[in-house]
Amino acid sequence: MTSYGIVLAKDVMVEMRDGIRLASDIYRPARDGQLVDGGFPTIMLRTPYDKTDRRYVEIADFFTPRGYAVVLQDMRDRYRSEGTGDYYHVVTPHTGEDGYDTVEWIASQSWSNGRIGTVGSSYAGITQVRAALERPPHLTAIWPDVVPTNSFHNQSREGGAMQQHMFWALFIHAQDAQDIADDPAKQAEVWNDLRDLRRLFRAGPPWERGSTSLRHVPPLEETLIEYSTRGAYDEYWQRVENDFTRHWDQHADVPGTYSTGWYDPFPAADSEYFAAMAAKNESPQRLVIGPWSHVGMRGDATFCHDVDFGPESVWGVQRYFAEQLAFFSRWLPDHATGHPDGEAPVRIFVMGGGSGRRTAEGKLDHGGRWREEQEWPLARAIPTSFHLQPDGGLSTEQPSPGAEPRRYTFDPTRPVPTIGGLYCSIGELPAEGAGMEQAWARLLNPVLRLRDLLTPGPADQKESAAFFGSTEPYPRLSERPDVLVYRTEPLTEPIEVTGPVTVHLWVSTSALDTDFTAKLVDVHPANEDYPEGYDMLLNDSVIRCRFREGWEREVPMEPGVVVPVTITLPPTSNLFDVGHRIRVDISSSNWPRLDVNPNTGEPIGRHTHTVTAEQAVYADSEHPSHVVLPVIPR
């Protein structure tokens, strides 16, 4: 392969259809410092996080020497781009239109061959999807990584509750907003709120306008109010900017690769995105899901949070780029051959099969392996109902008639703490430590010095001082009186569960509205390294009961009346090994990942007080609460 040098043109101002100009860094192949003539296949990335950030520059450093032009662009209202003052606000159509205009501008340049592929993770993935919905003629292939496709269901709200990583994210977007770029005092207020994040989480919702430093960036403050108070799926959430899935029919028919992790916030979104495009499009589609969190695909660690999946699980930056190069090389060069014969469209990492002992790094050895599949969800998966039993058991047998429900008290002032899970990291700005050189403190971007307040991924379900929200004496969650545990007997044969998981409950409550949460847990047996065993979280979710009959309307609960509710858990792929137990935990809170239901039935995000709720979960033949697991035949 020919290796090129790089010539960079910085801050090329590309004009959009409304006259706003967006700053773009253009990396072009060169030899001996001179540009090489001719049109090259082109990679485009659009980001709100500064196009000069190392995570983006390394894309250009990889692709350009291999014969690609690369365009990195600041979104409007961000960094060196011009703006209209409405960044992040849902009513703006600019994300899609700007993507279209940039693709077509690139195609008109002599240095591009007119075949454009897009890359980017998270928000830079959102910009890809939004552009694809506009169908620019020269968009040729896409690789959205860890991307939400429906803000209501898989980013801002979940099961009717607010995902509070979005509360934190708004401060990250505020600290470098153009609105306060020339006002160090306002910037300092934002960083002071990040130092005080624990208090802010404990203080709300409700969050009032003017109560945080977000008041200095009005579009972000308005977004917080909308996210925290709009519980029903209304016209706000239906906008294309918030819900791409309603508009899949408009999506460009181009080859796509969709990548995510089992502990990313978006395995449901991205696997469903793949399935929708595979059903709709004639061009080939690919799905990759590994044992990663939101940024794990480009990481070089064999573990996620507290669990090790072995060296086979690691991709790292160089493999990540090499995989992208192989994908785009099939579609973007002038003589590209297209999809190779025999490649499976789906690649998943099946977790499990490890020793269950502690590794040298202090992680649980859970293990796993990659496997290729032909479709998603897997056609051979058998939906298998495991019934909750009145004695806390979990089995495929129907429960007996007339059994009493299991009961617990849900106190919103003492919620069950979040211990691992599927969400973006939440970071706080710690006080400067002793011995930190002031020169380094001045030079370092404060974002780089954030420490995790919440860490996503698998973790033993036990409270500790390491987990915000935990309280002494730090019990196992299974020991809490407000957590109902249902588990199988130790398995005599391994069971693989691969796909989405659904929990169907029959419940009653003393409240006008309340939450029920569900977790799927792989219970490792005790050994010398883990004398209490290890309760490994696989996935979890929630249902806010006022939305039990649909997301478009709110139906209050009638105290004491038994009703069915459904909790949809994200997909997973896990081998429950011999001696392990399959466990489902039922409770009513998971804080601070999700906001806490005050149990009052007041308007979402505007409650004035909290009340304690008396909860009941039924497990008898008339009320057969159960979890449906997609079991893969041996």
# chains A, B, ... in the order shown; residues from 1 in each chain; ligands from 1
$ select_by_dssp --residues "region 213-429 of chain A" --states "helix (DSSP H, G or I)" --output "ChimeraX atom specification"
/A:213-216,218-229,235-238,244-250,267-280,296-298,311-313,316-329
$ closest_atom_pairs --of "region 204-280 of chain A" --to "region 142-153 of chain A" --cutoff "10 Å" --atoms "only C-alpha atoms" --output "CSV"
residue,atom,partner,partner_atom,distance
A:Tyr227,CA,A:Phe152,CA,8.7
A:Arg230,CA,A:Phe152,CA,9.4
A:Gly231,CA,A:Phe152,CA,8.7
A:Ala232,CA,A:Phe152,CA,8.9
A:Tyr233,CA,A:Phe152,CA,7.1
A:Asp234,CA,A:Phe152,CA,9.7
A:Tyr236,CA,A:Phe152,CA,9.6
A:Trp237,CA,A:Phe152,CA,6.2
A:Gln238,CA,A:Phe152,CA,8.7
A:Val240,CA,A:Asn150,CA,9.1
A:Glu241,CA,A:Ser151,CA,8.6
A:Asn242,CA,A:Ser151,CA,5.2
A:Asp243,CA,A:Asn150,CA,4.3
A:Phe244,CA,A:Thr149,CA,5.4
A:Thr245,CA,A:Thr149,CA,6.3
A:Arg246,CA,A:Asn150,CA,8.8
A:Ala252,CA,A:Ile142,CA,9.9
A:Val254,CA,A:Ile142,CA,7.3
A:Pro255,CA,A:Ile142,CA,6.6
A:Gly256,CA,A:Ile142,CA,4.9
A:Thr257,CA,A:Trp143,CA,4.7
A:Tyr258,CA,A:Pro144,CA,5.5
A:Ser259,CA,A:Asp145,CA,4.8
A:Thr260,CA,A:Val146,CA,4.7
A:Gly261,CA,A:Val146,CA,7.5
A:Asp264,CA,A:Val146,CA,6.9
A:Pro265,CA,A:Val146,CA,7.8
A:Phe266,CA,A:Pro148,CA,5.9
A:Pro267,CA,A:Val146,CA,7.7
A:Ala268,CA,A:Pro148,CA,9.1
A:Ala269,CA,A:Thr149,CA,5.9
A:Asp270,CA,A:Val147,CA,6.7
A:Glu272,CA,A:Thr149,CA,9.2
A:Tyr273,CA,A:Thr149,CA,7.5
$ residues_around --residues "Gly354 (chain A)" --least-positions-apart "4" --cutoff "9 Å" --atoms "only C-alpha atoms" --output "list in words"
Asp308, Phe309, Gly310, Leu364, Asp365, His366, Gly367, Gly368 and Asp577 of chain A
$ residues_around --residues "Gln374 (chain A)" --least-positions-apart "6" --cutoff "7 Å" --atoms "only C-alpha atoms" --output "VMD selection string"
chain A and resid 344 to 346
$ write_last_selection --atoms "all heavy atoms" --output "mmCIF file, in the first residue's frame"
data_model
loop_
_atom_site.group_PDB
_atom_site.id
_atom_site.type_symbol
_atom_site.label_atom_id
_atom_site.label_comp_id
_atom_site.auth_asym_id
_atom_site.auth_seq_id
_atom_site.Cartn_x
_atom_site.Cartn_y
_atom_site.Cartn_z
ATOM 1 N N ALA A 344 -19.970 -12.777 7.440
ATOM 2 C CA ALA A 344 -21.205 -12.746 8.218
ATOM 3 C C ALA A 344 -21.561 -11.306 8.558
ATOM 4 O O ALA A 344 -20.687 -10.507 8.890
ATOM 5 C CB ALA A 344 -21.051 -13.557 9.498
ATOM 6 N N PRO A 345 -22.838 -10.938 8.489
ATOM 7 C CA PRO A 345 -23.221 -9.560 8.767
ATOM 8 C C PRO A 345 -23.186 -9.183 10.244
ATOM 9 O O PRO A 345 -23.178 -8.001 10.570
ATOM 10 C CB PRO A 345 -24.649 -9.479 8.225
ATOM 11 C CG PRO A 345 -25.158 -10.877 8.265
ATOM 12 C CD PRO A 345 -23.974 -11.757 8.022
ATOM 13 N N VAL A 346 -23.167 -10.184 11.138
ATOM 14 C CA VAL A 346 -23.241 -9.896 12.575
ATOM 15 C C VAL A 346 -22.067 -10.563 13.276
ATOM 16 O O VAL A 346 -21.754 -11.734 13.052
ATOM 17 C CB VAL A 346 -24.566 -10.416 13.176
ATOM 18 C CG1 VAL A 346 -24.581 -10.215 14.695
ATOM 19 C CG2 VAL A 346 -25.756 -9.712 12.532
#
